Structure formats: C-alpha cells, structure tokens
Amino acid sequence: MEPTFSHRPVMPGECVDALNIKCGGIYADCTAGGGGHSYEIALRLGEEGHLLAIDRDTSAVAATAQRLSPFGGRVSVIHDNFSNIKFILGGRKLDGALIDLGVSSYQLDTPERGFSYMQDAPLDMRMNLDDPLTAAEVVNTYPAD
Ligand SMILES: C[S@@+](CC[C@H](N)C(=O)[O-])C[C@H]1O[C@@H](n2cnc3c(N)ncnc32)[C@H](O)[C@@H]1O
C-alpha cells in the first residue's frame, strides 16, 4: 500500500517571503509536491491573484489539489513538466515563481517508485509514471557509453 503523501516543505515562510508576493499577482510553484509552499503562496494572493501549482508526478498533483481545494478557482493544479511553462502560461506573465528542485519525501518513502536504497524495490525512478522509460531499462539495456 502506498504511504500517505507526506513532505515537509523547506523553510516555507522564508521561501515564500522571498517571493515578495503582491496581492492580485500571478505566481507559479513549478514543483508543487505536497503543496506546502503552494499553500503559503495561496494564502498571500488575495481574491484577485492566481497560483499555477505544477508537478510532473500525479501523486503530487492529487495531494496538492486536495490541500489547495479551500482556495477554489484562485489555484490551478497542473500535471506537467515545468519545462513547458511557456505553453502552460499561454501568453500570461508571471509575477514570480518558486522551484524547489529534487525529490519529495513521498517519492523516497514509496518503495515501488524506486528512488531509495532503503528498500529492495524495482529500479524505477520515474517522476512521471506516465513516462514509459524506467531507470531499470536504461541501466540494463543501454550500452555503457
Ligand atoms: C522537493 S519536492 C517539492 C516539495 C514542495 N515544495 C512542497 O512544499 O511539498 C520536488 C517536486 O518536484 C517535482 N519535479 C521534479 N522535476 C520536475 C519537473 N521537471 N517538472 C515538474 N515537477 C518536477 C517532483 O515530482 C517533486 O514532487
């Protein structure tokens, strides 16, 4: 059974303070994870602001959508790679963006995701489970060079 999505955001107050959020602005959390930083951003947006909360992991997207549901239409939770930000924005301009790079505790703690050496599990390592290519395929079938 998958663990409940659990990830403690890094210095949420300090990170989001540094964004210097203006009421009514448009912001992106490019690596939403469990929605910890997104939640802090959403709290500061005001009624007219908007947050795009993006993650390439469907489990993160589900956790963030649930966590941010009290903010209604002021938040869009998007399953995508943030490298597609230009298309996601569709011409809108951002007032600020947060990128908290890395893996989430949830990804490390879920053995079948294959990110951790702590459990004996398949070598998967896909951040987006819709991607076909696993680390096991690369390691076991690609030529060394
Ligand atoms: C350290 S966690 C972010 C935690 C988040 N700040 C929070 O408060 O819960 C990193 C997240 O980035 C996501 N991620 C990594 N590379 C990504 C990419 N290129 N596009 C979108 N999400 C990405 C991972 O799936 C993971 O959920």
# chains A, B, ... in the order shown; residues from 1 in each chain; ligands from 1
>>> residues_around(residues="A:Asn128", least_positions_apart="3", cutoff="6 Å", atoms="only C-alpha atoms", output="list in words")
Arg56, Asp57 and Asp131 of chain A
>>> write_last_selection(atoms="all heavy atoms", output="tab-separated table (two decimals), in the first residue's frame")
chain	number	residue	atom	x	y	z
A	56	ARG	N	5.11	17.13	-12.07
A	56	ARG	CA	5.04	16.09	-13.10
A	56	ARG	C	4.61	14.74	-12.52
A	56	ARG	O	4.44	13.77	-13.25
A	56	ARG	CB	6.37	15.98	-13.83
A	56	ARG	CG	7.51	15.50	-13.00
A	56	ARG	CD	8.84	15.68	-13.70
A	56	ARG	NE	8.93	14.92	-14.93
A	56	ARG	CZ	10.05	14.66	-15.57
A	56	ARG	NH1	11.19	15.13	-15.10
A	56	ARG	NH2	10.06	13.96	-16.68
A	57	ASP	N	4.44	14.68	-11.20
A	57	ASP	CA	4.07	13.43	-10.53
A	57	ASP	C	2.57	13.48	-10.20
A	57	ASP	O	2.12	14.38	-9.48
A	57	ASP	CB	4.91	13.31	-9.24
A	57	ASP	CG	4.67	12.01	-8.49
A	57	ASP	OD1	3.61	11.39	-8.66
A	57	ASP	OD2	5.57	11.63	-7.71
A	131	ASP	N	5.47	8.40	-18.05
A	131	ASP	CA	6.62	8.24	-18.94
A	131	ASP	C	6.92	6.75	-19.08
A	131	ASP	O	6.91	6.02	-18.08
A	131	ASP	CB	7.86	8.94	-18.37
A	131	ASP	CG	7.76	10.46	-18.45
A	131	ASP	OD1	6.95	10.95	-19.25
A	131	ASP	OD2	8.47	11.14	-17.69
>>> closest_atom_pairs(of="chain A", to="ligand 1", cutoff="9 Å", atoms="only C-alpha atoms and all ligand atoms", output="tab-separated table")
residue	atom	partner	partner_atom_place_in_ligand_line	distance
A:Ser6	CA	ligand 1	9 (O)	8.0
A:His7	CA	ligand 1	9 (O)	5.3
A:Arg8	CA	ligand 1	9 (O)	6.2
A:Pro9	CA	ligand 1	8 (O)	4.1
A:Val10	CA	ligand 1	8 (O)	7.0
A:Pro12	CA	ligand 1	8 (O)	7.3
A:Asp29	CA	ligand 1	6 (N)	7.7
A:Cys30	CA	ligand 1	21 (C)	5.8
A:Thr31	CA	ligand 1	12 (O)	3.9
A:Ala32	CA	ligand 1	5 (C)	4.7
A:Gly33	CA	ligand 1	27 (O)	3.5
A:Gly34	CA	ligand 1	9 (O)	3.6
A:Gly35	CA	ligand 1	9 (O)	4.6
A:Gly36	CA	ligand 1	8 (O)	3.4
A:His37	CA	ligand 1	8 (O)	4.2
A:Ser38	CA	ligand 1	8 (O)	6.5
A:Tyr39	CA	ligand 1	8 (O)	8.0
A:Glu40	CA	ligand 1	8 (O)	9.0
A:Ile54	CA	ligand 1	21 (C)	5.9
A:Asp55	CA	ligand 1	22 (N)	3.7
A:Arg56	CA	ligand 1	21 (C)	4.2
A:Asp57	CA	ligand 1	25 (O)	4.6
A:Thr58	CA	ligand 1	25 (O)	8.2
A:Ser59	CA	ligand 1	27 (O)	8.2
A:Ala60	CA	ligand 1	27 (O)	5.5
A:Val61	CA	ligand 1	27 (O)	8.2
A:Thr64	CA	ligand 1	9 (O)	8.0
A:His79	CA	ligand 1	21 (C)	7.8
A:Asp80	CA	ligand 1	21 (C)	5.9
A:Asn81	CA	ligand 1	20 (N)	3.4
A:Phe82	CA	ligand 1	20 (N)	4.1
A:Ser83	CA	ligand 1	19 (N)	6.1
A:Asn84	CA	ligand 1	20 (N)	8.3
A:Leu98	CA	ligand 1	6 (N)	8.2
A:Ile99	CA	ligand 1	6 (N)	7.4
A:Asp100	CA	ligand 1	6 (N)	5.1
A:Leu101	CA	ligand 1	10 (C)	5.1
A:Gly102	CA	ligand 1	10 (C)	4.6
A:Val103	CA	ligand 1	10 (C)	4.5
A:Ser104	CA	ligand 1	2 (S)	4.0
A:Ser105	CA	ligand 1	2 (S)	7.4
A:Tyr106	CA	ligand 1	27 (O)	8.1
A:Gln107	CA	ligand 1	27 (O)	7.5
A:Arg126	CA	ligand 1	25 (O)	8.9
A:Met127	CA	ligand 1	25 (O)	5.2
A:Asn128	CA	ligand 1	25 (O)	7.1
>>> write_last_selection(atoms="C-alpha atoms", output="JSON list (two decimals), in the first residue's frame")
[["chain", "number", "residue", "atom", "x", "y", "z"],
["A", 6, "SER", "CA", 3.97, 13.33, 3.28],
["A", 7, "HIS", "CA", 6.57, 16.02, 2.60],
["A", 8, "ARG", "CA", 7.74, 18.80, 4.88],
["A", 9, "PRO", "CA", 8.49, 21.91, 2.80],
["A", 10, "VAL", "CA", 11.88, 23.58, 3.21],
["A", 12, "PRO", "CA", 8.11, 27.62, 3.82],
["A", 29, "ASP", "CA", 5.02, 26.85, -7.94],
["A", 30, "CYS", "CA", 6.87, 24.78, -10.53],
["A", 31, "THR", "CA", 7.47, 21.79, -8.21],
["A", 32, "ALA", "CA", 4.30, 21.69, -6.10],
["A", 33, "GLY", "CA", 4.98, 18.31, -4.38],
["A", 34, "GLY", "CA", 2.64, 18.05, -1.40],
["A", 35, "GLY", "CA", 1.56, 21.67, -1.82],
["A", 36, "GLY", "CA", 3.35, 23.05, 1.25],
["A", 37, "HIS", "CA", 4.92, 26.06, -0.47],
["A", 38, "SER", "CA", 1.87, 26.44, -2.72],
["A", 39, "TYR", "CA", -0.36, 26.72, 0.32],
["A", 40, "GLU", "CA", 1.75, 29.57, 1.72],
["A", 54, "ILE", "CA", 2.71, 22.38, -11.32],
["A", 55, "ASP", "CA", 4.17, 18.93, -10.76],
["A", 56, "ARG", "CA", 5.04, 16.09, -13.10],
["A", 57, "ASP", "CA", 4.07, 13.43, -10.53],
["A", 58, "THR", "CA", 0.37, 12.53, -10.49],
["A", 59, "SER", "CA", 0.53, 11.61, -6.78],
["A", 60, "ALA", "CA", 1.87, 15.10, -6.02],
["A", 61, "VAL", "CA", -0.82, 16.67, -8.17],
["A", 64, "THR", "CA", -1.71, 19.40, -3.88],
["A", 79, "HIS", "CA", 0.15, 17.86, -14.17],
["A", 80, "ASP", "CA", 3.09, 18.78, -16.37],
["A", 81, "ASN", "CA", 6.83, 19.26, -16.58],
["A", 82, "PHE", "CA", 7.68, 22.84, -15.67],
["A", 83, "SER", "CA", 9.86, 22.98, -18.77],
["A", 84, "ASN", "CA", 6.52, 23.50, -20.56],
["A", 98, "LEU", "CA", 9.26, 29.08, -6.95],
["A", 99, "ILE", "CA", 11.25, 25.99, -7.98],
["A", 100, "ASP", "CA", 12.06, 23.56, -5.14],
["A", 101, "LEU", "CA", 14.12, 21.07, -7.11],
["A", 102, "GLY", "CA", 14.62, 17.46, -6.11],
["A", 103, "VAL", "CA", 12.53, 14.53, -5.00],
["A", 104, "SER", "CA", 9.80, 14.61, -2.37],
["A", 105, "SER", "CA", 9.87, 12.56, 0.81],
["A", 106, "TYR", "CA", 6.84, 10.75, -0.58],
["A", 107, "GLN", "CA", 8.80, 9.65, -3.65],
["A", 126, "ARG", "CA", 10.29, 7.97, -12.94],
["A", 127, "MET", "CA", 8.95, 11.23, -11.58],
["A", 128, "ASN", "CA", 6.06, 10.98, -14.01]]
>>> atom_distance(atom1="atom CA of A:Gly24", atom2="atom CA of A:Glu47")
6.8 Å
>>> closest_residue(among="A:Pro70, A:Gly96, A:Gly114, A:Pro143", to="A:Leu19", atoms="only C-alpha atoms")
A:Gly96
>>> atom_distance(atom1="atom CA of A:Val139", atom2="atom CA of A:Gln119")
18.5 Å
>>> atom_distance(atom1="atom CA of A:Gly73", atom2="atom CA of A:Lys86")
20.8 Å
>>> select_by_dssp(residues="stretch 11-131 of chain A", states="helix (DSSP H, G or I)", output="ChimeraX atom specification")
/A:12-18,36-44,58-67,69-74,82-89,105-109,111-113
>>> residues_around(residues="A:Ile21", least_positions_apart="6", cutoff="12 Å", atoms="only C-alpha atoms", output="list in words")
Gly13, Cys15, Tyr27, Ala28, Glu40, Ile41, Ala42, Leu43, Arg44, Leu45, Gly46, Gly49, His50, Leu51, Leu94, Asp95, Gly96, Ala97 and Leu98 of chain A
>>> write_last_selection(atoms="all heavy atoms", output="compact mmCIF listing (two decimals), in the first residue's frame")
# COMPACT_ATOMS: atom_id res chain seq x y z
N GLY A 13 8.00 29.60 5.22
CA GLY A 13 7.79 31.04 5.45
C GLY A 13 8.85 31.86 4.74
O GLY A 13 8.54 32.79 3.98
N CYS A 15 10.97 31.03 2.26
CA CYS A 15 10.96 30.90 0.79
C CYS A 15 9.87 31.77 0.18
O CYS A 15 10.08 32.46 -0.82
CB CYS A 15 10.73 29.45 0.37
SG CYS A 15 12.12 28.38 0.71
N TYR A 27 1.43 33.76 -9.87
CA TYR A 27 2.64 33.07 -9.41
C TYR A 27 2.60 31.61 -9.84
O TYR A 27 1.51 31.05 -10.04
CB TYR A 27 2.76 33.17 -7.88
CG TYR A 27 3.03 34.60 -7.47
CD1 TYR A 27 1.98 35.50 -7.31
CD2 TYR A 27 4.33 35.06 -7.32
CE1 TYR A 27 2.22 36.83 -7.01
CE2 TYR A 27 4.59 36.39 -7.01
CZ TYR A 27 3.53 37.27 -6.86
OH TYR A 27 3.78 38.58 -6.57
N ALA A 28 3.79 31.02 -9.96
CA ALA A 28 3.87 29.59 -10.27
C ALA A 28 4.72 28.90 -9.21
O ALA A 28 5.79 29.37 -8.85
CB ALA A 28 4.49 29.37 -11.65
N GLU A 40 1.29 28.27 1.18
CA GLU A 40 1.75 29.57 1.72
C GLU A 40 1.59 30.68 0.68
O GLU A 40 1.26 31.81 1.02
CB GLU A 40 3.23 29.47 2.14
CG GLU A 40 3.47 28.56 3.33
CD GLU A 40 2.79 29.08 4.61
OE1 GLU A 40 2.77 30.29 4.81
OE2 GLU A 40 2.29 28.24 5.37
N ILE A 41 1.86 30.36 -0.58
CA ILE A 41 1.68 31.35 -1.65
C ILE A 41 0.20 31.72 -1.76
O ILE A 41 -0.17 32.90 -1.79
CB ILE A 41 2.21 30.82 -3.01
CG1 ILE A 41 3.72 30.60 -2.94
CG2 ILE A 41 1.86 31.79 -4.14
CD1 ILE A 41 4.32 29.87 -4.15
N ALA A 42 -0.65 30.69 -1.79
CA ALA A 42 -2.09 30.92 -1.97
C ALA A 42 -2.66 31.80 -0.85
O ALA A 42 -3.53 32.64 -1.10
CB ALA A 42 -2.82 29.59 -2.06
N LEU A 43 -2.12 31.62 0.35
CA LEU A 43 -2.60 32.43 1.48
C LEU A 43 -2.37 33.91 1.26
O LEU A 43 -3.10 34.75 1.78
CB LEU A 43 -1.86 32.03 2.77
CG LEU A 43 -2.30 30.78 3.50
CD1 LEU A 43 -1.39 30.56 4.72
CD2 LEU A 43 -3.75 30.88 3.95
N ARG A 44 -1.33 34.25 0.48
CA ARG A 44 -0.93 35.66 0.34
C ARG A 44 -1.44 36.30 -0.95
O ARG A 44 -1.13 37.45 -1.24
CB ARG A 44 0.61 35.75 0.35
CG ARG A 44 1.25 35.37 1.68
CD ARG A 44 2.72 35.03 1.43
NE ARG A 44 3.57 35.01 2.61
CZ ARG A 44 3.69 33.98 3.43
NH1 ARG A 44 2.98 32.89 3.23
NH2 ARG A 44 4.52 34.03 4.46
N LEU A 45 -2.18 35.56 -1.79
CA LEU A 45 -2.53 36.05 -3.12
C LEU A 45 -3.63 37.10 -3.16
O LEU A 45 -3.68 37.89 -4.09
CB LEU A 45 -3.03 34.88 -3.99
CG LEU A 45 -2.00 33.95 -4.58
CD1 LEU A 45 -2.71 32.81 -5.28
CD2 LEU A 45 -1.12 34.70 -5.55
N GLY A 46 -4.52 37.06 -2.20
CA GLY A 46 -5.70 37.93 -2.27
C GLY A 46 -6.73 37.34 -3.21
O GLY A 46 -6.48 36.34 -3.89
N GLY A 49 -5.66 37.27 -7.13
CA GLY A 49 -4.42 36.62 -7.55
C GLY A 49 -4.66 35.22 -8.07
O GLY A 49 -5.75 34.65 -7.93
N HIS A 50 -3.61 34.65 -8.68
CA HIS A 50 -3.74 33.29 -9.19
C HIS A 50 -2.42 32.54 -9.03
O HIS A 50 -1.35 33.09 -9.22
CB HIS A 50 -4.16 33.30 -10.66
CG HIS A 50 -4.70 31.96 -11.10
ND1 HIS A 50 -5.99 31.56 -10.83
CD2 HIS A 50 -4.12 30.93 -11.74
CE1 HIS A 50 -6.17 30.33 -11.29
NE2 HIS A 50 -5.05 29.92 -11.86
N LEU A 51 -2.55 31.27 -8.65
CA LEU A 51 -1.37 30.40 -8.50
C LEU A 51 -1.50 29.23 -9.45
O LEU A 51 -2.53 28.56 -9.51
CB LEU A 51 -1.28 29.87 -7.05
CG LEU A 51 -0.25 28.75 -6.83
CD1 LEU A 51 1.18 29.26 -7.02
CD2 LEU A 51 -0.42 28.15 -5.44
N LEU A 94 4.18 36.05 -15.52
CA LEU A 94 4.27 35.71 -14.10
C LEU A 94 4.84 36.88 -13.29
O LEU A 94 5.71 37.60 -13.75
CB LEU A 94 5.22 34.52 -13.90
CG LEU A 94 4.71 33.12 -14.23
CD1 LEU A 94 5.82 32.12 -14.01
CD2 LEU A 94 3.49 32.77 -13.40
N ASP A 95 4.36 37.00 -12.06
CA ASP A 95 4.96 37.95 -11.11
C ASP A 95 6.04 37.28 -10.27
O ASP A 95 6.83 37.97 -9.63
CB ASP A 95 3.87 38.53 -10.21
CG ASP A 95 2.90 39.39 -11.00
OD1 ASP A 95 3.33 40.47 -11.46
OD2 ASP A 95 1.73 38.98 -11.19
N GLY A 96 6.07 35.97 -10.26
CA GLY A 96 7.11 35.26 -9.52
C GLY A 96 6.93 33.76 -9.63
O GLY A 96 5.83 33.28 -9.94
N ALA A 97 8.03 33.05 -9.41
CA ALA A 97 7.97 31.58 -9.48
C ALA A 97 8.89 30.97 -8.43
O ALA A 97 9.94 31.53 -8.11
CB ALA A 97 8.40 31.10 -10.87
N LEU A 98 8.47 29.84 -7.90
CA LEU A 98 9.26 29.08 -6.95
C LEU A 98 9.59 27.72 -7.57
O LEU A 98 8.70 27.08 -8.14
CB LEU A 98 8.45 28.87 -5.66
CG LEU A 98 9.11 28.03 -4.57
CD1 LEU A 98 10.09 28.88 -3.78
CD2 LEU A 98 8.07 27.47 -3.62
